[in-house]
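For reference, model_15.pdb is printed below; it contains PDB, N, CA and C atoms.
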```
MODEL        1
ATOM      1  N   MET A   1      -5.744  16.377  -1.255
ATOM      2  CA  MET A   1      -4.299  16.307  -1.307
ATOM      3  C   MET A   1      -3.833  14.843  -1.255
ATOM      4  N   ARG A   2      -4.428  14.062  -0.362
ATOM      5  CA  ARG A   2      -4.020  12.662  -0.226
ATOM      6  C   ARG A   2      -4.190  11.910  -1.546
ATOM      7  N   HIS A   3      -5.289  12.178  -2.249
ATOM      8  CA  HIS A   3      -5.542  11.516  -3.531
ATOM      9  C   HIS A   3      -4.432  11.839  -4.532
ATOM     10  N   LEU A   4      -3.986  13.073  -4.544
ATOM     11  CA  LEU A   4      -2.914  13.490  -5.440
ATOM     12  C   LEU A   4      -1.616  12.752  -5.120
ATOM     13  N   ILE A   5      -1.249  12.691  -3.848
ATOM     14  CA  ILE A   5      -0.005  12.032  -3.433
ATOM     15  C   ILE A   5      -0.067  10.531  -3.668
ATOM     16  N   GLU A   6      -1.211   9.940  -3.383
ATOM     17  CA  GLU A   6      -1.325   8.494  -3.564
ATOM     18  C   GLU A   6      -1.460   8.104  -5.032
ATOM     19  N   GLY A   7      -1.865   9.039  -5.884
ATOM     20  CA  GLY A   7      -2.042   8.735  -7.287
ATOM     21  C   GLY A   7      -0.826   9.025  -8.160
ATOM     22  N   THR A   8       0.186   9.687  -7.614
ATOM     23  CA  THR A   8       1.345  10.043  -8.420
ATOM     24  C   THR A   8       2.279   8.856  -8.628
ATOM     25  N   ALA A   9       3.006   8.881  -9.727
ATOM     26  CA  ALA A   9       4.008   7.843  -9.985
ATOM     27  C   ALA A   9       5.301   8.114  -9.223
ATOM     28  N   ALA A  10       5.421   9.314  -8.654
ATOM     29  CA  ALA A  10       6.616   9.681  -7.883
ATOM     30  C   ALA A  10       6.519   9.114  -6.468
ATOM     31  N   ALA A  11       7.600   8.532  -6.013
ATOM     32  CA  ALA A  11       7.626   7.988  -4.648
ATOM     33  C   ALA A  11       7.633   9.133  -3.648
ATOM     34  N   VAL A  12       6.736   9.066  -2.665
ATOM     35  CA  VAL A  12       6.642  10.075  -1.615
ATOM     36  C   VAL A  12       6.781   9.371  -0.270
ATOM     37  N   VAL A  13       7.719   9.874   0.535
ATOM     38  CA  VAL A  13       7.977   9.312   1.855
ATOM     39  C   VAL A  13       8.000  10.450   2.853
ATOM     40  N   ILE A  14       7.299  10.282   3.969
ATOM     41  CA  ILE A  14       7.361  11.256   5.060
ATOM     42  C   ILE A  14       8.027  10.559   6.237
ATOM     43  N   LEU A  15       9.087  11.203   6.750
ATOM     44  CA  LEU A  15       9.875  10.648   7.852
ATOM     45  C   LEU A  15       9.726  11.511   9.100
ATOM     46  N   ASP A  16       9.940  10.908  10.270
ATOM     47  CA  ASP A  16       9.961  11.700  11.497
ATOM     48  C   ASP A  16      11.379  12.224  11.745
ATOM     49  N   GLU A  17      11.603  12.872  12.871
ATOM     50  CA  GLU A  17      12.913  13.462  13.155
ATOM     51  C   GLU A  17      14.018  12.428  13.361
ATOM     52  N   GLN A  18      13.648  11.192  13.645
ATOM     53  CA  GLN A  18      14.626  10.110  13.763
ATOM     54  C   GLN A  18      14.748   9.333  12.448
ATOM     55  N   LEU A  19      14.162   9.903  11.393
ATOM     56  CA  LEU A  19      14.213   9.359  10.034
ATOM     57  C   LEU A  19      13.523   8.001   9.903
ATOM     58  N   ARG A  20      12.465   7.826  10.694
ATOM     59  CA  ARG A  20      11.631   6.624  10.585
ATOM     60  C   ARG A  20      10.426   6.945   9.705
ATOM     61  N   HIS A  21       9.986   5.960   8.957
ATOM     62  CA  HIS A  21       8.853   6.147   8.052
ATOM     63  C   HIS A  21       7.571   6.450   8.835
ATOM     64  N   LEU A  22       6.907   7.534   8.468
ATOM     65  CA  LEU A  22       5.583   7.855   8.995
ATOM     66  C   LEU A  22       4.510   7.561   7.950
ATOM     67  N   TYR A  23       4.843   7.836   6.683
ATOM     68  CA  TYR A  23       3.897   7.632   5.589
ATOM     69  C   TYR A  23       4.678   7.307   4.318
ATOM     70  N   VAL A  24       4.156   6.398   3.533
ATOM     71  CA  VAL A  24       4.689   6.123   2.190
ATOM     72  C   VAL A  24       3.502   6.002   1.243
ATOM     73  N   ASN A  25       3.674   6.497   0.028
ATOM     74  CA  ASN A  25       2.597   6.347  -0.941
ATOM     75  C   ASN A  25       2.789   5.039  -1.719
ATOM     76  N   PRO A  26       1.790   4.636  -2.490
ATOM     77  CA  PRO A  26       1.888   3.379  -3.236
ATOM     78  C   PRO A  26       3.100   3.299  -4.171
ATOM     79  N   ALA A  27       3.545   4.435  -4.717
ATOM     80  CA  ALA A  27       4.715   4.412  -5.604
ATOM     81  C   ALA A  27       5.963   3.975  -4.847
ATOM     82  N   TRP A  28       6.144   4.414  -3.590
ATOM     83  CA  TRP A  28       7.310   3.995  -2.801
ATOM     84  C   TRP A  28       7.218   2.503  -2.474
ATOM     85  N   VAL A  29       6.028   2.014  -2.220
ATOM     86  CA  VAL A  29       5.849   0.579  -1.965
ATOM     87  C   VAL A  29       6.280  -0.211  -3.198
ATOM     88  N   ARG A  30       5.903   0.254  -4.398
ATOM     89  CA  ARG A  30       6.312  -0.433  -5.630
ATOM     90  C   ARG A  30       7.826  -0.372  -5.818
ATOM     91  N   VAL A  31       8.431   0.781  -5.566
ATOM     92  CA  VAL A  31       9.871   0.950  -5.747
ATOM     93  C   VAL A  31      10.655   0.109  -4.750
ATOM     94  N   SER A  32      10.216   0.109  -3.509
ATOM     95  CA  SER A  32      10.962  -0.592  -2.459
ATOM     96  C   SER A  32      10.675  -2.083  -2.417
ATOM     97  N   GLY A  33       9.465  -2.466  -2.823
ATOM     98  CA  GLY A  33       9.079  -3.866  -2.723
ATOM     99  C   GLY A  33       8.715  -4.272  -1.305
ATOM    100  N   VAL A  34       8.555  -3.290  -0.421
ATOM    101  CA  VAL A  34       8.228  -3.550   0.984
ATOM    102  C   VAL A  34       6.827  -3.013   1.255
ATOM    103  N   PRO A  35       5.938  -3.813   1.857
ATOM    104  CA  PRO A  35       4.592  -3.325   2.169
ATOM    105  C   PRO A  35       4.639  -2.128   3.117
ATOM    106  N   ALA A  36       3.684  -1.214   2.958
ATOM    107  CA  ALA A  36       3.636  -0.010   3.784
ATOM    108  C   ALA A  36       3.637  -0.344   5.274
ATOM    109  N   GLU A  37       2.941  -1.396   5.665
ATOM    110  CA  GLU A  37       2.873  -1.771   7.085
ATOM    111  C   GLU A  37       4.256  -2.131   7.633
ATOM    112  N   ALA A  38       5.097  -2.721   6.805
ATOM    113  CA  ALA A  38       6.440  -3.130   7.237
ATOM    114  C   ALA A  38       7.394  -1.938   7.319
ATOM    115  N   LEU A  39       7.065  -0.835   6.660
ATOM    116  CA  LEU A  39       7.910   0.352   6.680
ATOM    117  C   LEU A  39       7.625   1.245   7.881
ATOM    118  N   SER A  40       6.403   1.266   8.332
ATOM    119  CA  SER A  40       5.969   2.180   9.377
ATOM    120  C   SER A  40       6.824   2.083  10.646
ATOM    121  N   GLY A  41       7.373   3.231  11.062
ATOM    122  CA  GLY A  41       8.165   3.296  12.282
ATOM    123  C   GLY A  41       9.592   2.802  12.150
ATOM    124  N   ARG A  42       9.989   2.417  10.958
ATOM    125  CA  ARG A  42      11.343   1.885  10.747
ATOM    126  C   ARG A  42      12.142   2.800   9.829
ATOM    127  N   THR A  43      13.455   2.766   9.943
ATOM    128  CA  THR A  43      14.318   3.565   9.083
ATOM    129  C   THR A  43      14.542   2.853   7.756
ATOM    130  N   LEU A  44      15.046   3.604   6.793
ATOM    131  CA  LEU A  44      15.376   3.023   5.498
ATOM    132  C   LEU A  44      16.395   1.899   5.652
ATOM    133  N   ALA A  45      17.398   2.117   6.486
ATOM    134  CA  ALA A  45      18.440   1.100   6.700
ATOM    135  C   ALA A  45      17.864  -0.180   7.302
ATOM    136  N   GLU A  46      16.835  -0.057   8.124
ATOM    137  CA  GLU A  46      16.228  -1.249   8.735
ATOM    138  C   GLU A  46      15.442  -2.080   7.724
ATOM    139  N   VAL A  47      14.770  -1.427   6.800
ATOM    140  CA  VAL A  47      13.922  -2.178   5.871
ATOM    141  C   VAL A  47      14.598  -2.488   4.547
ATOM    142  N   LEU A  48      15.604  -1.704   4.185
ATOM    143  CA  LEU A  48      16.333  -1.936   2.934
ATOM    144  C   LEU A  48      17.835  -1.850   3.193
ATOM    145  N   PRO A  49      18.382  -2.843   3.871
ATOM    146  CA  PRO A  49      19.794  -2.787   4.253
ATOM    147  C   PRO A  49      20.766  -2.794   3.072
ATOM    148  N   ASP A  50      20.310  -3.207   1.904
ATOM    149  CA  ASP A  50      21.193  -3.253   0.739
ATOM    150  C   ASP A  50      21.145  -1.975  -0.096
ATOM    151  N   VAL A  51      20.442  -0.958   0.405
ATOM    152  CA  VAL A  51      20.366   0.326  -0.284
ATOM    153  C   VAL A  51      21.352   1.282   0.371
ATOM    154  N   ARG A  52      22.140   1.953  -0.452
ATOM    155  CA  ARG A  52      23.162   2.886   0.037
ATOM    156  C   ARG A  52      22.754   4.322  -0.284
ATOM    157  N   TYR A  53      22.893   5.186   0.692
ATOM    158  CA  TYR A  53      22.600   6.601   0.523
ATOM    159  C   TYR A  53      23.485   7.378   1.489
ATOM    160  N   PRO A  54      23.717   8.655   1.219
ATOM    161  CA  PRO A  54      24.561   9.452   2.115
ATOM    162  C   PRO A  54      23.853   9.690   3.452
ATOM    163  N   ASP A  55      24.384   9.143   4.531
ATOM    164  CA  ASP A  55      23.764   9.230   5.858
ATOM    165  C   ASP A  55      23.655  10.654   6.386
ATOM    166  N   ASP A  56      24.529  11.539   5.935
ATOM    167  CA  ASP A  56      24.569  12.883   6.498
ATOM    168  C   ASP A  56      23.582  13.861   5.866
ATOM    169  N   VAL A  57      22.996  13.518   4.746
ATOM    170  CA  VAL A  57      22.160  14.467   4.015
ATOM    171  C   VAL A  57      20.828  14.730   4.718
ATOM    172  N   MET A  58      20.120  13.711   5.136
ATOM    173  CA  MET A  58      18.803  13.930   5.726
ATOM    174  C   MET A  58      18.879  14.740   7.026
ATOM    175  N   PRO A  59      19.833  14.503   7.926
ATOM    176  CA  PRO A  59      19.942  15.382   9.098
ATOM    177  C   PRO A  59      20.262  16.837   8.719
ATOM    178  N   GLN A  60      21.018  17.037   7.640
ATOM    179  CA  GLN A  60      21.303  18.401   7.185
ATOM    180  C   GLN A  60      20.024  19.100   6.721
ATOM    181  N   VAL A  61      19.169  18.379   6.021
ATOM    182  CA  VAL A  61      17.905  18.945   5.562
ATOM    183  C   VAL A  61      17.039  19.305   6.762
ATOM    184  N   LEU A  62      17.000  18.439   7.759
ATOM    185  CA  LEU A  62      16.241  18.754   8.969
ATOM    186  C   LEU A  62      16.787  19.999   9.655
ATOM    187  N   ALA A  63      18.092  20.163   9.637
ATOM    188  CA  ALA A  63      18.724  21.283  10.329
ATOM    189  C   ALA A  63      18.494  22.621   9.624
ATOM    190  N   ASP A  64      18.560  22.636   8.286
ATOM    191  CA  ASP A  64      18.483  23.926   7.600
ATOM    192  C   ASP A  64      17.307  24.084   6.640
ATOM    193  N   GLY A  65      16.567  23.004   6.387
ATOM    194  CA  GLY A  65      15.397  23.086   5.525
ATOM    195  C   GLY A  65      15.693  23.207   4.047
ATOM    196  N   GLU A  66      16.960  23.165   3.671
ATOM    197  CA  GLU A  66      17.336  23.290   2.263
ATOM    198  C   GLU A  66      17.243  21.938   1.554
ATOM    199  N   PRO A  67      16.657  21.912   0.361
ATOM    200  CA  PRO A  67      16.580  20.648  -0.384
ATOM    201  C   PRO A  67      17.961  20.199  -0.849
ATOM    202  N   ARG A  68      18.123  18.904  -0.988
ATOM    203  CA  ARG A  68      19.363  18.320  -1.497
ATOM    204  C   ARG A  68      19.005  17.292  -2.566
ATOM    205  N   GLU A  69      19.913  17.070  -3.466
ATOM    206  CA  GLU A  69      19.769  16.008  -4.448
ATOM    207  C   GLU A  69      20.804  14.948  -4.119
ATOM    208  N   VAL A  70      20.358  13.693  -4.010
ATOM    209  CA  VAL A  70      21.274  12.603  -3.689
ATOM    210  C   VAL A  70      21.028  11.441  -4.637
ATOM    211  N   THR A  71      21.997  10.571  -4.705
ATOM    212  CA  THR A  71      21.862   9.343  -5.468
ATOM    213  C   THR A  71      21.783   8.187  -4.481
ATOM    214  N   ILE A  72      20.767   7.375  -4.665
ATOM    215  CA  ILE A  72      20.575   6.189  -3.839
ATOM    216  C   ILE A  72      20.818   4.986  -4.730
ATOM    217  N   THR A  73      21.634   4.052  -4.271
ATOM    218  CA  THR A  73      21.943   2.849  -5.050
ATOM    219  C   THR A  73      21.712   1.619  -4.199
ATOM    220  N   GLY A  74      21.612   0.482  -4.844
ATOM    221  CA  GLY A  74      21.486  -0.769  -4.107
ATOM    222  C   GLY A  74      20.384  -1.655  -4.628
ATOM    223  N   THR A  75      19.990  -2.594  -3.800
ATOM    224  CA  THR A  75      19.005  -3.601  -4.170
ATOM    225  C   THR A  75      17.793  -3.497  -3.266
ATOM    226  N   THR A  76      16.614  -3.529  -3.876
ATOM    227  CA  THR A  76      15.373  -3.530  -3.105
ATOM    228  C   THR A  76      14.782  -4.936  -3.118
ATOM    229  N   HIS A  77      13.599  -5.058  -2.563
ATOM    230  CA  HIS A  77      12.929  -6.359  -2.496
ATOM    231  C   HIS A  77      11.986  -6.600  -3.670
ATOM    232  N   VAL A  78      11.963  -5.707  -4.647
ATOM    233  CA  VAL A  78      11.064  -5.850  -5.781
ATOM    234  C   VAL A  78      11.361  -7.161  -6.502
ATOM    235  N   GLY A  79      10.327  -7.947  -6.692
ATOM    236  CA  GLY A  79      10.475  -9.209  -7.410
ATOM    237  C   GLY A  79      11.053 -10.340  -6.592
ATOM    238  N   LEU A  80      11.308 -10.117  -5.296
ATOM    239  CA  LEU A  80      11.886 -11.163  -4.461
ATOM    240  C   LEU A  80      10.821 -11.908  -3.656
ATOM    241  N   GLY A  81       9.559 -11.442  -3.760
ATOM    242  CA  GLY A  81       8.478 -12.133  -3.075
ATOM    243  C   GLY A  81       8.515 -12.011  -1.577
ATOM    244  N   ARG A  82       9.072 -10.921  -1.064
ATOM    245  CA  ARG A  82       9.129 -10.724   0.398
ATOM    246  C   ARG A  82       7.933  -9.994   0.896
TER
ENDMDL
END
```

Starting from the coordinates I provided, produce the structure as structure tokens.
Amino acid sequence: MRHLIEGTAAAVVILDEQLRHLYVNPAWVRVSGVPAEALSGRTLAEVLPDVRYPDDVMPQVLADGEPREVTITGTTHVGLGR
């Protein structure tokens, strides 16, 4: 299973109940421009402050288990050499 997740072009992120990164696959590292080690234990807002997303959606998913579709906008660190 891990090989499948790490080999996909789709970004995969696993968060804890406080919405901190527990796991990211290589595709998310490429999209975010942030090394996996720098993401671990931190929230999206902490590592990508210029990215905007609806704050209320992820707690709703935790509460009811229903998938949601959201739009995330902003600037990542890709190409900034961070």

### Message
Evaluate the PyMOL selection byres ((chain A and resi 41) around 7) against this structure - the residues, as a PyMOL selection string, please.
### Response
chain A and resi 19-23+38-40+42-43

### Query
Which one of A:Val51, A:Ile5, A:Val29, A:Val34 sits closest to Thr73 in chain A if you count all atoms listed in the file?
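Under the stated criterion, the closest residue is A:Val51.
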
### Message
Selection in question (the file shown): the PyMOL selection byres (((chain A and resi 70 and name CA) around 9) and name CA). Which residues does it include, as a VMD selection string?
### Response
chain A and resid 53 to 54 57 68 to 69 71 to 72

### Contacts of Glu6 in chain A at 8 Å (only N, CA and C atoms; same-chain gap of 2+ positions) as an MDAnalysis selection string
chainID A and resid 1:4 8:10 24:27

### Message
Please extract the residues of chain A with a backbone DSSP assignment of strand (DSSP E) and present them as a VMD selection string.
### Response
chain A and resid 13 to 15 21 to 24 51 to 52 73 to 74

Would you compute an axis-aligned box for range 5-23 of chain A, covering every atom listed for it in the file with 4 Å of margin on each side, and report centre and edge lengths in Å to one decimal as lines of an AutoDock Vina configuration file?
```
center_x = 6.4
center_y = 9.7
center_z = 1.9
size_x = 24.8
size_y = 15.5
size_z = 31.7
```

### Query
Any idea what the distance is between atom N of Pro49 in chain A and atom N of Thr76 in chain A?
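Separation between atom N of Pro49 in chain A and atom N of Thr76 in chain A: 8.0 Å.
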
### Query
At what distance in Å, to one decimal, does CA of Arg30 in chain A lie from atom N of Gly7 in chain A?
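A separation of 12.5 Å between them.
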
### Summary
Pairwise distance, atom C of Arg52 in chain A with atom C of Gly74 in chain A, equals 7.8 Å

### Nearby residues, (10.2, 6.3, -4.1) file frame, 5 Å, all atoms listed in the file, as a PyMOL selection string
chain A and resi 11-12+27-28

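Secondary structure from DSSP on the backbone puts alpha helix (DSSP H) at the following positions of chain A: Arg2, His3, Leu4, Ile5, Glu6, Gly7, Pro26, Ala27, Trp28, Val29, Arg30, Val31, Ser32, Ala36, Glu37, Ala38, Leu39, Leu44, Ala45, Glu46, Val47, Val57, Met58, Pro59, Gln60, Val61, Leu62, Ala63 and Asp64 of chain A.
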
Residues within 10 Å of Pro59 in chain A, only C-alpha atoms, excluding chain neighbours under 5 positions, as a tab-separated table (two decimals) with N, CA and C atoms, keeping the file's coordinate frame:
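Generated file (around02.tsv):
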```
chain	number	residue	atom	x	y	z
A	17	GLU	N	11.60	12.87	12.87
A	17	GLU	CA	12.91	13.46	13.16
A	17	GLU	C	14.02	12.43	13.36
A	18	GLN	N	13.65	11.19	13.64
A	18	GLN	CA	14.63	10.11	13.76
A	18	GLN	C	14.75	9.33	12.45
A	19	LEU	N	14.16	9.90	11.39
A	19	LEU	CA	14.21	9.36	10.03
A	19	LEU	C	13.52	8.00	9.90
A	64	ASP	N	18.56	22.64	8.29
A	64	ASP	CA	18.48	23.93	7.60
A	64	ASP	C	17.31	24.08	6.64
A	65	GLY	N	16.57	23.00	6.39
A	65	GLY	CA	15.40	23.09	5.52
A	65	GLY	C	15.69	23.21	4.05
```
